[in-house]
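query.cif follows; it contains mmCIF, C-alpha atoms.
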data_work
loop_
_atom_site.label_atom_id
_atom_site.label_comp_id
_atom_site.auth_asym_id
_atom_site.auth_seq_id
_atom_site.Cartn_x
_atom_site.Cartn_y
_atom_site.Cartn_z
CA MET A 20 -9.27 28.78 -21.35
CA LYS A 21 -12.93 29.29 -20.53
CA ILE A 22 -13.95 32.21 -18.37
CA PRO A 23 -15.61 30.20 -15.54
CA GLU A 24 -12.47 28.11 -15.32
CA TYR A 25 -10.41 31.27 -15.04
CA PHE A 26 -12.42 32.46 -12.06
CA ARG A 27 -12.53 28.99 -10.50
CA LYS A 28 -8.74 29.07 -10.23
CA MET A 29 -9.05 32.05 -7.89
CA ARG A 30 -10.67 29.86 -5.25
CA GLY A 31 -7.39 28.08 -4.55
CA THR A 32 -6.64 24.40 -4.73
CA THR A 33 -6.39 23.23 -1.14
CA ARG A 34 -7.83 23.74 2.30
CA GLY A 35 -5.39 23.97 5.17
CA SER A 36 -2.25 26.04 5.24
CA PRO A 37 0.94 24.45 6.61
CA PRO A 38 0.41 23.64 10.29
CA ARG A 39 1.52 25.88 13.16
CA VAL A 40 5.03 25.09 14.31
CA SER A 41 5.88 23.91 17.84
CA ASN A 42 6.54 26.34 20.68
CA ALA A 43 10.21 25.37 20.72
CA GLU A 44 10.40 26.30 17.05
CA ILE A 45 8.87 29.71 17.76
CA VAL A 46 11.37 30.38 20.56
CA TRP A 47 14.38 29.37 18.47
CA SER A 48 13.18 31.46 15.52
CA GLY A 49 12.98 34.43 17.89
CA ILE A 50 16.41 33.80 19.39
CA GLY A 51 17.97 33.49 15.91
CA GLY A 52 16.31 36.65 14.66
CA PHE A 53 17.37 38.59 17.74
CA LEU A 54 21.00 37.48 17.62
CA GLY A 55 21.33 37.88 13.85
CA ILE A 56 20.06 41.44 13.73
CA ALA A 57 21.74 42.35 17.03
CA ILE A 58 25.16 41.35 15.73
CA VAL A 59 24.71 43.14 12.39
CA ALA A 60 23.49 46.28 14.21
CA TRP A 61 26.31 46.09 16.74
CA MET A 62 28.96 45.75 14.02
CA ASP A 63 27.35 48.61 12.12
CA HIS A 64 27.66 50.75 15.22
CA LEU A 65 31.23 49.59 15.88
CA PHE A 66 32.78 49.91 12.42
CA PHE A 67 30.57 52.05 10.23
CA ALA A 68 29.14 54.73 12.52
CA GLY A 69 30.37 58.07 11.29
CA THR A 70 31.37 56.72 7.86
CA ASP A 71 29.32 56.99 4.68
CA LEU A 72 28.65 53.27 4.78
CA THR A 73 25.90 51.50 6.68
CA LEU A 74 25.82 47.82 7.45
CA LEU A 75 22.16 47.55 8.44
CA PHE A 76 19.11 48.10 6.27
CA GLY A 77 15.50 46.99 6.04
CA PRO A 78 15.78 43.92 3.81
CA PHE A 79 17.75 42.08 6.50
CA GLY A 80 14.60 42.01 8.62
CA ALA A 81 12.98 39.99 5.85
CA SER A 82 16.05 37.78 5.45
CA ALA A 83 15.95 37.08 9.19
CA VAL A 84 12.38 35.75 8.85
CA LEU A 85 13.59 33.23 6.30
CA VAL A 86 16.92 32.11 7.74
CA TYR A 87 15.70 31.89 11.36
CA GLY A 88 11.96 31.29 10.82
CA ALA A 89 11.84 29.02 7.75
CA VAL A 90 15.15 27.21 8.09
CA ARG A 91 14.34 24.43 5.62
CA SER A 92 13.06 26.72 2.89
CA PRO A 93 15.01 26.73 -0.37
CA LEU A 94 14.71 30.52 -0.20
CA ALA A 95 16.65 30.55 3.08
CA GLN A 96 19.69 28.55 2.02
CA PRO A 97 23.15 30.20 1.94
CA ARG A 98 23.33 30.43 -1.83
CA ASN A 99 20.02 32.29 -1.87
CA LEU A 100 20.69 34.43 1.20
CA VAL A 101 24.04 35.83 0.09
CA GLY A 102 23.60 35.42 -3.67
CA GLY A 103 20.14 37.00 -3.67
CA HIS A 104 21.32 40.16 -1.92
CA VAL A 105 24.47 40.50 -4.03
CA VAL A 106 22.74 39.94 -7.35
CA SER A 107 19.90 42.29 -6.43
CA ALA A 108 22.27 45.00 -5.20
CA ILE A 109 24.17 44.91 -8.48
CA VAL A 110 20.91 45.20 -10.43
CA GLY A 111 19.65 48.01 -8.18
CA VAL A 112 22.79 50.14 -8.43
CA ALA A 113 22.99 49.59 -12.19
CA CYS A 114 19.36 50.63 -12.63
CA TRP A 115 19.91 53.79 -10.59
CA LYS A 116 22.95 54.70 -12.70
CA LEU A 117 21.17 53.98 -15.99
CA PHE A 118 17.67 55.30 -15.39
CA HIS A 119 17.81 57.80 -12.51
CA GLN A 120 16.29 60.51 -14.68
CA TYR A 121 13.10 58.43 -14.65
CA PRO A 122 12.70 57.27 -11.03
CA TRP A 123 9.60 55.16 -11.68
CA LEU A 124 11.41 53.26 -14.45
CA ALA A 125 14.55 52.77 -12.37
CA GLN A 126 12.47 51.47 -9.45
CA ALA A 127 10.45 49.03 -11.53
CA MET A 128 13.45 47.83 -13.52
CA ALA A 129 15.46 47.29 -10.33
CA VAL A 130 12.88 44.96 -8.81
CA ALA A 131 11.98 43.19 -12.06
CA GLY A 132 15.63 42.76 -12.97
CA ALA A 133 16.46 41.46 -9.51
CA ILE A 134 13.69 38.85 -9.67
CA ALA A 135 14.76 37.72 -13.14
CA LEU A 136 18.47 37.57 -12.32
CA MET A 137 17.91 35.80 -9.01
CA HIS A 138 15.83 33.21 -10.84
CA ALA A 139 18.45 32.80 -13.55
CA THR A 140 21.23 32.33 -10.99
CA ARG A 141 19.12 30.10 -8.71
CA THR A 142 19.51 32.56 -5.84
CA LEU A 143 15.87 33.60 -5.38
CA HIS A 144 15.60 35.33 -2.00
CA PRO A 145 12.54 37.59 -1.54
CA PRO A 146 14.35 40.28 0.50
CA GLY A 147 16.57 40.76 -2.56
CA GLY A 148 13.72 42.66 -4.19
CA ALA A 149 13.91 45.18 -1.35
CA THR A 150 17.70 45.37 -1.65
CA ALA A 151 17.35 46.28 -5.33
CA LEU A 152 14.57 48.79 -4.63
CA ILE A 153 16.46 50.55 -1.84
CA ALA A 154 19.45 51.07 -4.14
CA VAL A 155 17.09 53.25 -6.21
CA ILE A 156 14.71 54.83 -3.68
CA GLY A 157 17.29 55.20 -0.91
CA SER A 158 18.82 58.40 0.39
CA ALA A 159 21.42 60.50 -1.43
CA GLY A 160 23.93 58.78 0.85
CA ILE A 161 22.99 55.37 -0.61
CA HIS A 162 23.21 56.74 -4.14
CA ASP A 163 26.65 58.16 -3.45
CA LEU A 164 27.92 54.73 -2.42
CA GLY A 165 27.66 53.51 -6.01
CA PHE A 166 28.81 49.92 -6.24
CA TRP A 167 30.17 50.03 -2.69
CA TYR A 168 26.53 49.30 -1.86
CA VAL A 169 27.06 45.80 -3.24
CA LEU A 170 29.86 45.09 -0.78
CA VAL A 171 28.54 47.00 2.27
CA PRO A 172 25.80 46.29 3.23
CA ALA A 173 24.62 43.83 0.55
CA THR A 174 27.41 41.24 0.92
CA LEU A 175 28.73 41.74 4.41
CA GLY A 176 25.32 41.85 6.09
CA PRO A 177 24.06 38.51 4.71
CA VAL A 178 27.40 36.87 5.50
CA ILE A 179 27.00 37.86 9.17
CA LEU A 180 23.35 36.66 9.19
CA LEU A 181 24.56 33.40 7.63
CA ALA A 182 27.25 32.87 10.24
CA VAL A 183 24.73 33.43 13.05
CA ALA A 184 22.25 31.08 11.34
CA VAL A 185 24.82 28.27 11.07
CA VAL A 186 25.73 28.66 14.74
CA VAL A 187 22.25 29.15 16.22
CA ASN A 188 20.05 26.99 14.00
CA ASN A 189 22.09 23.87 14.76
CA ILE A 190 21.78 24.13 18.55
CA PRO A 191 18.31 22.52 18.96
CA ALA A 192 18.21 18.82 18.09
CA SER A 193 15.15 19.29 15.89
CA ARG A 194 16.76 21.91 13.64
CA ARG A 195 19.55 21.89 11.11
CA TYR A 196 20.98 24.49 8.79
CA PRO A 197 21.76 24.67 5.99
CA GLU A 198 20.08 22.04 3.84
CA ILE A 199 22.31 22.97 0.89
CA TRP A 200 25.30 25.28 0.90
CA PHE A 201 25.45 26.02 -2.79
CA MET B 6 -0.61 22.44 -15.10
CA ASP B 7 -3.03 19.58 -14.68
CA ASP B 8 -2.99 18.91 -18.41
CA THR B 9 0.76 18.62 -18.79
CA SER B 10 1.28 16.51 -15.69
CA SER B 11 -1.32 13.93 -16.66
CA LYS B 12 0.18 13.67 -20.14
CA ASN B 13 3.62 13.05 -18.67
CA LEU B 14 2.30 10.34 -16.44
CA LYS B 15 0.84 8.47 -19.35
CA THR B 16 4.01 8.45 -21.43
CA ASP B 17 6.19 7.57 -18.44
CA SER B 18 4.18 4.55 -17.43
CA ALA B 19 4.02 3.22 -21.02
CA GLY B 20 0.52 1.87 -20.58
CA ASP B 21 1.50 -0.21 -17.58
CA GLU B 22 -0.33 1.31 -14.65
CA VAL B 23 1.04 0.73 -11.19
CA PRO B 24 -1.62 1.47 -8.58
CA GLU B 25 -0.95 4.56 -6.52
CA LEU B 26 -2.41 5.77 -3.26
CA GLU B 27 -4.40 9.00 -3.44
CA LEU B 28 -3.32 11.26 -0.57
CA THR B 29 -5.85 13.48 1.17
CA ASP B 30 -5.03 16.97 2.43
CA ALA B 31 -5.28 15.58 5.96
CA ASP B 32 -2.63 12.94 5.17
CA ILE B 33 -0.23 15.56 3.90
CA LEU B 34 -0.85 17.98 6.75
CA ASP B 35 -0.33 15.13 9.20
CA ALA B 36 2.99 14.27 7.55
CA MET B 37 4.03 17.93 7.64
CA GLN B 38 3.34 18.04 11.35
CA HIS B 39 5.89 15.30 11.88
CA ILE B 40 8.62 17.44 10.36
CA PRO B 41 9.89 20.04 12.80
CA GLY B 42 10.20 23.54 11.41
CA TYR B 43 8.20 25.53 8.94
CA LEU B 44 7.76 24.01 5.47
CA ASP B 45 7.08 26.62 2.83
CA ILE B 46 5.23 24.23 0.57
CA THR B 47 1.50 23.90 -0.02
CA THR B 48 -0.27 20.58 0.23
CA GLU B 49 -1.01 20.83 -3.50
CA ASP B 50 2.69 21.23 -4.30
CA PHE B 51 3.45 18.24 -2.16
CA ARG B 52 0.79 16.17 -3.92
CA ALA B 53 2.11 17.14 -7.36
CA ILE B 54 5.66 16.20 -6.39
CA TYR B 55 4.46 12.95 -4.84
CA HIS B 56 2.60 11.93 -7.99
CA LEU B 57 5.43 12.77 -10.36
CA ALA B 58 8.04 11.13 -8.15
CA HIS B 59 5.86 8.03 -7.76
CA HIS B 60 5.54 7.63 -11.50
CA HIS B 61 9.24 8.19 -11.97
CA ALA B 62 10.07 5.55 -9.38
CA ALA B 63 7.46 3.12 -10.69
CA GLY B 64 8.82 3.60 -14.19
CA ARG B 65 12.33 2.89 -12.95
CA LEU B 66 11.25 -0.23 -11.06
CA PHE B 67 8.74 -1.71 -13.47
CA GLY B 68 9.26 0.10 -16.76
CA LYS B 69 12.01 -2.18 -18.01
CA ILE B 70 10.05 -5.32 -17.23
CA ARG B 71 8.64 -6.59 -20.49
CA ALA B 72 7.72 -10.21 -21.15
CA ALA B 73 9.96 -10.26 -24.23
CA ASN B 74 13.01 -9.15 -22.20
CA LEU B 75 12.54 -11.81 -19.56
CA MET B 76 11.40 -14.79 -21.65
CA ARG B 77 13.56 -17.77 -22.49
CA THR B 78 13.91 -18.47 -26.18
CA GLY B 79 14.84 -21.63 -28.08
CA ILE B 80 11.90 -23.53 -26.62
CA GLU B 81 11.14 -26.77 -28.46
CA PRO B 82 7.33 -26.91 -28.24
CA LEU B 83 5.21 -30.03 -28.34
CA LEU B 84 2.92 -30.94 -31.22
CA PRO B 85 -0.74 -31.86 -30.68
CA ASP B 86 -0.50 -35.34 -32.24
CA MET B 87 2.64 -36.38 -30.40
CA PRO B 88 2.02 -39.39 -28.11
CA LEU B 89 2.17 -38.60 -24.43
CA ASP B 90 5.16 -40.82 -23.64
CA GLN B 91 7.21 -39.01 -26.25
CA ALA B 92 6.00 -35.69 -24.88
CA ALA B 93 7.05 -36.82 -21.40
CA ARG B 94 10.56 -37.46 -22.66
CA ALA B 95 10.63 -34.02 -24.34
CA LEU B 96 9.50 -32.42 -21.10
CA VAL B 97 12.20 -34.14 -19.09
CA LYS B 98 14.82 -33.18 -21.67
CA SER B 99 13.71 -29.54 -21.68
CA GLY B 100 14.09 -29.18 -17.94
CA TYR B 101 10.82 -27.26 -17.72
CA LYS B 102 7.76 -28.25 -15.72
CA ALA B 103 5.48 -27.51 -18.66
CA LEU B 104 5.81 -26.98 -22.39
CA PRO B 105 3.58 -25.15 -24.85
CA VAL B 106 1.78 -27.11 -27.54
CA VAL B 107 1.76 -25.47 -30.97
CA ASP B 108 0.00 -26.29 -34.23
CA THR B 109 1.77 -26.47 -37.60
CA THR B 110 1.74 -22.66 -38.00
CA GLY B 111 3.41 -22.19 -34.62
CA ARG B 112 0.25 -20.94 -32.89
CA VAL B 113 0.00 -21.88 -29.22
CA THR B 114 -2.99 -24.16 -28.67
CA GLY B 115 -2.36 -25.36 -25.13
CA MET B 116 0.08 -26.19 -22.37
CA LEU B 117 1.14 -29.64 -21.27
CA THR B 118 2.10 -29.68 -17.62
CA GLU B 119 3.15 -32.32 -15.15
CA THR B 120 -0.27 -31.97 -13.58
CA ASP B 121 -1.88 -32.85 -16.91
CA PHE B 122 0.05 -36.13 -16.84
CA LEU B 123 -1.12 -36.91 -13.34
CA ARG B 124 -4.70 -36.18 -14.26
CA ARG B 125 -4.40 -38.36 -17.34
CA LEU B 126 -3.03 -41.18 -15.20
CA LYS B 127 -6.04 -40.77 -12.89
CA VAL B 128 -4.05 -39.71 -9.84
CA ASP B 129 -3.65 -36.37 -8.02
CA THR B 130 -0.12 -36.49 -6.68
CA PHE B 131 3.18 -38.05 -7.61
CA LEU B 132 3.13 -40.17 -4.50
CA GLU B 133 -0.18 -41.60 -5.57
CA LEU B 134 1.33 -42.28 -8.96
CA LEU B 135 4.27 -44.12 -7.40
CA LEU B 136 1.91 -46.36 -5.47
CA SER B 137 -0.25 -47.13 -8.47
CA MET B 138 2.86 -47.81 -10.56
CA LEU B 139 3.83 -50.51 -8.10
CA ASP B 140 0.48 -52.10 -8.75
CA ASP B 141 0.23 -51.82 -12.49
CA THR B 142 3.22 -50.60 -14.43
CA PHE B 143 2.12 -51.99 -17.75
CA GLU B 144 -1.24 -50.29 -17.89
CA LEU B 145 0.19 -46.87 -17.10
CA LYS B 146 2.72 -47.15 -19.86
CA HIS B 147 0.06 -48.26 -22.24
CA ARG B 148 -2.25 -45.40 -21.38
CA CYS B 149 0.45 -42.82 -22.17
CA HIS B 150 1.46 -44.46 -25.37
CA GLU B 151 -1.98 -44.32 -26.90
CA THR B 152 -2.93 -40.78 -25.92
CA PRO B 153 -1.87 -37.80 -28.03
CA VAL B 154 -0.72 -34.55 -26.42
CA SER B 155 -3.80 -32.69 -27.62
CA GLU B 156 -6.06 -34.78 -25.43
CA ALA B 157 -4.07 -34.32 -22.26
CA MET B 158 -3.02 -30.71 -22.56
CA THR B 159 -4.64 -27.75 -20.82
CA ALA B 160 -6.31 -25.60 -23.43
CA PRO B 161 -6.56 -22.79 -24.15
CA ALA B 162 -3.19 -21.80 -22.74
CA VAL B 163 -2.76 -18.60 -20.75
CA THR B 164 -0.33 -16.54 -22.83
CA VAL B 165 1.13 -13.04 -22.76
CA ALA B 166 2.30 -10.79 -25.57
CA GLY B 167 5.96 -9.85 -25.91
CA ASP B 168 5.35 -6.27 -24.84
CA ALA B 169 3.30 -7.24 -21.79
CA GLY B 170 4.43 -5.27 -18.76
CA PHE B 171 4.50 -5.79 -15.03
CA SER B 172 0.78 -5.76 -14.26
CA GLU B 173 -0.21 -7.81 -17.30
CA ILE B 174 2.32 -10.49 -16.39
CA ILE B 175 1.10 -10.51 -12.79
CA ARG B 176 -2.46 -10.91 -14.03
CA ALA B 177 -1.46 -13.84 -16.26
CA PHE B 178 0.33 -15.63 -13.43
CA ARG B 179 -2.70 -15.13 -11.22
CA GLN B 180 -4.90 -16.87 -13.78
CA HIS B 181 -3.24 -20.24 -13.36
CA ASP B 182 -0.86 -22.15 -11.13
CA GLY B 183 1.76 -22.87 -13.78
CA ARG B 184 5.35 -21.87 -13.44
CA GLY B 185 5.74 -20.81 -17.06
CA ILE B 186 3.70 -18.80 -19.53
CA PRO B 187 4.18 -18.91 -23.31
CA VAL B 188 5.03 -15.53 -24.81
CA VAL B 189 3.32 -15.10 -28.18
CA ASP B 190 3.28 -12.63 -31.05
CA GLY B 191 0.21 -10.89 -32.41
CA ASP B 192 -0.95 -14.04 -34.22
CA GLY B 193 -0.56 -16.26 -31.20
CA ARG B 194 2.68 -17.84 -32.44
CA LEU B 195 5.22 -18.95 -29.84
CA LEU B 196 8.12 -16.55 -29.17
CA GLY B 197 9.47 -17.99 -25.94
CA MET B 198 8.66 -18.98 -22.39
CA LEU B 199 8.36 -16.67 -19.43
CA LEU B 200 9.22 -18.50 -16.21
CA ARG B 201 7.79 -17.32 -12.95
CA LYS B 202 11.20 -17.52 -11.29
CA ASP B 203 12.77 -15.32 -13.99
CA PHE B 204 10.04 -12.77 -13.50
CA ILE B 205 10.41 -12.75 -9.73
CA THR B 206 14.18 -12.47 -10.01
CA ALA B 207 13.95 -9.51 -12.38
CA TYR B 208 11.36 -7.79 -10.23
CA HIS B 209 13.32 -8.19 -7.03
CA LEU B 210 16.85 -7.52 -8.15
CA GLU B 211 16.42 -4.50 -10.39
CA PRO B 212 15.26 -2.11 -7.69
CA LEU B 213 18.00 -3.32 -5.34
CA GLN B 214 20.92 -2.90 -7.68
#
Please re-express this file's structure in structure tokens.
Amino acid sequence: MKIPEYFRKMRGTTRGSPPRVSNAEIVWSGIGGFLGIAIVAWMDHLFFAGTDLTLLFGPFGASAVLVYGAVRSPLAQPRNLVGGHVVSAIVGVACWKLFHQYPWLAQAMAVAGAIALMHATRTLHPPGGATALIAVIGSAGIHDLGFWYVLVPATLGPVILLAVAVVVNNIPASRRYPEIWF
Amino acid sequence: MDDTSSKNLKTDSAGDEVPELELTDADILDAMQHIPGYLDITTEDFRAIYHLAHHHAAGRLFGKIRAANLMRTGIEPLLPDMPLDQAARALVKSGYKALPVVDTTGRVTGMLTETDFLRRLKVDTFLELLLSMLDDTFELKHRCHETPVSEAMTAPAVTVAGDAGFSEIIRAFRQHDGRGIPVVDGDGRLLGMLLRKDFITAYHLEPLQ
């Protein structure tokens, strides 16, 4: 490849990003995000407060953007939502256990491994990268969970978000969820 | 990415180009606006998918259409020195509206159609022929008996090769009004006849089934 061509590629291929969505779409995205996180937070408070486990963590904020804000996206479908978090959590915990003497290596391997494994299992879900990273950079409490981390929060949380998405996203006539279950 | 996609398109279409509409960014953005909800796809991605899918669909619809697959074989062609009345009988027997005329090596030299007969008999329509027959049956018969096929036929004939595809066949049919086109090999020798109705049937039914 010639050098000018290499730099020309950096200009992008198209003008015009996808158009702004309708106001109704914005409202429903907000309602979905509110209910999804509210229910996960409420259940965390109800069942896991005072235990070593936590049901709520940062990556679910990112998942909420996808499953309530980009309903049709392949990245937001159930297989990706649940599968992406589970696969990434397994990779993250394994990387912590294997490489925790070298934090930088464990962190990089967790995210890289999560991306690769999500691709290989067709469960690519961007928040999964955060799930894998938190397994490594999280508190001592997270580290002590070991593979419990895969079940709570990494499986249970997305399942609750999914249930809310199926209920809420199908209320407006213009929306449907999911496009594909598996 | 551009390189590989254009290569794929060429092999898929097998040299038989089906015209395709070039979409502008505005077209795609307009279409996206009609779909409620956020689409996480760029206009360029959409265009790439559109092009590849179009070629796939075009290949499925038109790819199997080759003159050799649709032609009728076992045609008994006419010879240039055959008298017209004999040729008329051969035409009637064949059931076709026109027959190819071939030389001794089998090369197609022309087509003899019903219209050629009318022209030879100095009329334009069959009705006109009927009226003139009432007047002078003997002379008409005589005229056909003396004339060889080579003088009456339309030459050169519009032909297609066996591997001609959809657009080539369409082009050939557009060149003349006939209902059949001789299919020939590389040397111009007759392989069979491609009837317009067979072509239309194949073109219409394959996508529906």
Report as a list in words all protein, DNA and RNA residues lying within 12 Å of A:Leu117, evaluated on only C-alpha atoms, omitting residues in the same chain fewer than 3 positions from it.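 Residues meeting the cut-off are Val110, Gly111, Val112, Ala113, Cys114, Gln120, Tyr121, Pro122, Leu124, Ala125, Gln126, Met128, Ala129, Val155 and Gly165 of chain A.
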Near chain B, meaning an atom within 8 Å, which residues of chain A appear when counting only C-alpha atoms? Write them as a PyMOL selection string. chain A and resi 32-41+44+88-92+193-194
Apply the PyMOL selection byres ((chain B and resi 125-128) around 12) to the file shown and report the selected residues as a PyMOL selection string. chain B and resi 89-90+117-124+129-138+141-142+144-159
Can you pull out the residues contacting stretch 170-175 of chain A? Cut-off 8 Å, using all atoms listed in the file, and skip same-chain residues under 3 positions away; I want them as a PyMOL selection string. chain A and resi 72-76+101+104-105+108+150+166-167+178-179
Determine the residue membership of the PyMOL selection byres ((chain B and resi 99-107) around 6) for the file above and supply it as a list in words.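 Applied to this file, the PyMOL selection byres ((chain B and resi 99-107) around 6) returns Pro82, Leu83, Leu84, Leu96, Val97, Lys98, Asp108, Gly111, Arg112, Val113, Thr114, Gly115, Met116, Leu117 and Thr118 of chain B.
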Spatial neighbours of A:Glu198, 8 Å, all atoms listed in the file, chain gap at least 2 places, as JSON, numbers by chain: {"A": [91, 96, 195, 196, 200]}
Measure the distance from atom CA of B:Gly79 to atom CA of B:Val189 in Å and round it to one decimal.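 That distance, rounded to one decimal, is 13.2 Å.
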For the atom pair atom CA of A:Gly103 and atom CA of A:Met137, what is the interatomic distance in Å to one decimal place?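 Taking atom CA of A:Gly103 and atom CA of A:Met137, their separation equals 5.9 Å.
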Rounded to one decimal, what separation in Å do you get between atom CA of B:Arg201 and atom CA of B:Gly183? 8.2 Å
Contacts of A:Val84 at 10 Å (all atoms listed in the file; same-chain gap of 2+ positions) as a list of chain:residue names: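 The contact residues come out as A:Ser48, A:Gly49, A:Gly51, A:Gly52, A:Phe79, A:Gly80, A:Ala81, A:Ser82, A:Val86, A:Tyr87, A:Gly88, A:Ala89, A:Val90, A:Ala95, A:Pro146.
The nearest approach to A:Leu85 among the residues A:Ile190, A:Val59, A:Pro145, A:Arg27, with all atoms listed in the file taken into account, belongs to A:Pro145.
Once the PyMOL selection byres ((chain A and resi 156) around 10) is applied to the depicted file, the selected set reads Gly111, Trp115, His119, Pro122, Trp123, Ala125, Gln126, Ala149, Ala151, Leu152, Ile153, Ala154, Val155, Gly157, Ser158, Ala159, Ile161 and His162 of chain A.
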Selected residues written out with C-alpha atoms, as a compact mmCIF listing (two decimals), in the frame of the given file:
# COMPACT_ATOMS: atom_id res chain seq x y z
CA GLY A 111 19.65 48.01 -8.18
CA TRP A 115 19.91 53.79 -10.59
CA HIS A 119 17.81 57.80 -12.51
CA PRO A 122 12.70 57.27 -11.03
CA TRP A 123 9.60 55.16 -11.68
CA ALA A 125 14.55 52.77 -12.37
CA GLN A 126 12.47 51.47 -9.45
CA ALA A 149 13.91 45.18 -1.35
CA ALA A 151 17.35 46.28 -5.33
CA LEU A 152 14.57 48.79 -4.63
CA ILE A 153 16.46 50.55 -1.84
CA ALA A 154 19.45 51.07 -4.14
CA VAL A 155 17.09 53.25 -6.21
CA GLY A 157 17.29 55.20 -0.91
CA SER A 158 18.82 58.40 0.39
CA ALA A 159 21.42 60.50 -1.43
CA ILE A 161 22.99 55.37 -0.61
CA HIS A 162 23.21 56.74 -4.14
Using only C-alpha atoms: which of A:Gly148, A:Gly132, A:Gly55, A:Gly102 has the shortest distance to A:Asn188: A:Gly55
Take stretch 127-139 of chain B from the block and save it with N, CA, C and O atoms, as a PDB file, in the first residue's frame.
ATOM      1  N   LYS B 127     -45.234 -10.422 -52.283  1.00  0.00           N
ATOM      2  CA  LYS B 127     -45.576  -9.024 -52.538  1.00  0.00           C
ATOM      3  C   LYS B 127     -46.819  -8.570 -51.776  1.00  0.00           C
ATOM      4  O   LYS B 127     -47.647  -7.806 -52.288  1.00  0.00           O
ATOM      5  N   VAL B 128     -46.973  -9.075 -50.565  1.00  0.00           N
ATOM      6  CA  VAL B 128     -48.042  -8.586 -49.683  1.00  0.00           C
ATOM      7  C   VAL B 128     -47.437  -8.297 -48.317  1.00  0.00           C
ATOM      8  O   VAL B 128     -46.308  -8.704 -48.028  1.00  0.00           O
ATOM      9  N   ASP B 129     -48.193  -7.594 -47.446  1.00  0.00           N
ATOM     10  CA  ASP B 129     -47.688  -7.260 -46.116  1.00  0.00           C
ATOM     11  C   ASP B 129     -48.318  -8.102 -45.017  1.00  0.00           C
ATOM     12  O   ASP B 129     -47.707  -8.354 -43.992  1.00  0.00           O
ATOM     13  N   THR B 130     -49.557  -8.501 -45.206  1.00  0.00           N
ATOM     14  CA  THR B 130     -50.238  -9.260 -44.159  1.00  0.00           C
ATOM     15  C   THR B 130     -50.856 -10.521 -44.738  1.00  0.00           C
ATOM     16  O   THR B 130     -50.991 -10.661 -45.957  1.00  0.00           O
ATOM     17  N   PHE B 131     -51.219 -11.419 -43.845  1.00  0.00           N
ATOM     18  CA  PHE B 131     -51.834 -12.658 -44.295  1.00  0.00           C
ATOM     19  C   PHE B 131     -53.199 -12.415 -44.933  1.00  0.00           C
ATOM     20  O   PHE B 131     -53.591 -13.089 -45.875  1.00  0.00           O
ATOM     21  N   LEU B 132     -53.894 -11.424 -44.385  1.00  0.00           N
ATOM     22  CA  LEU B 132     -55.206 -11.120 -44.942  1.00  0.00           C
ATOM     23  C   LEU B 132     -55.076 -10.677 -46.389  1.00  0.00           C
ATOM     24  O   LEU B 132     -55.821 -11.117 -47.272  1.00  0.00           O
ATOM     25  N   GLU B 133     -54.081  -9.856 -46.610  1.00  0.00           N
ATOM     26  CA  GLU B 133     -53.805  -9.396 -47.974  1.00  0.00           C
ATOM     27  C   GLU B 133     -53.496 -10.587 -48.880  1.00  0.00           C
ATOM     28  O   GLU B 133     -53.925 -10.663 -50.026  1.00  0.00           O
ATOM     29  N   LEU B 134     -52.767 -11.529 -48.320  1.00  0.00           N
ATOM     30  CA  LEU B 134     -52.395 -12.713 -49.073  1.00  0.00           C
ATOM     31  C   LEU B 134     -53.646 -13.508 -49.449  1.00  0.00           C
ATOM     32  O   LEU B 134     -53.794 -13.955 -50.593  1.00  0.00           O
ATOM     33  N   LEU B 135     -54.558 -13.657 -48.464  1.00  0.00           N
ATOM     34  CA  LEU B 135     -55.784 -14.402 -48.714  1.00  0.00           C
ATOM     35  C   LEU B 135     -56.553 -13.779 -49.884  1.00  0.00           C
ATOM     36  O   LEU B 135     -57.009 -14.484 -50.787  1.00  0.00           O
ATOM     37  N   LEU B 136     -56.647 -12.453 -49.846  1.00  0.00           N
ATOM     38  CA  LEU B 136     -57.382 -11.767 -50.912  1.00  0.00           C
ATOM     39  C   LEU B 136     -56.716 -11.969 -52.262  1.00  0.00           C
ATOM     40  O   LEU B 136     -57.383 -12.253 -53.258  1.00  0.00           O
ATOM     41  N   SER B 137     -55.406 -11.849 -52.292  1.00  0.00           N
ATOM     42  CA  SER B 137     -54.722 -11.986 -53.578  1.00  0.00           C
ATOM     43  C   SER B 137     -54.765 -13.437 -54.064  1.00  0.00           C
ATOM     44  O   SER B 137     -54.757 -13.700 -55.259  1.00  0.00           O
ATOM     45  N   MET B 138     -54.822 -14.385 -53.085  1.00  0.00           N
ATOM     46  CA  MET B 138     -54.934 -15.789 -53.499  1.00  0.00           C
ATOM     47  C   MET B 138     -56.242 -16.040 -54.232  1.00  0.00           C
ATOM     48  O   MET B 138     -56.303 -16.812 -55.178  1.00  0.00           O
ATOM     49  N   LEU B 139     -57.293 -15.371 -53.753  1.00  0.00           N
ATOM     50  CA  LEU B 139     -58.592 -15.528 -54.399  1.00  0.00           C
ATOM     51  C   LEU B 139     -58.517 -15.087 -55.859  1.00  0.00           C
ATOM     52  O   LEU B 139     -59.145 -15.659 -56.737  1.00  0.00           O
TER      53      LEU B 139
END
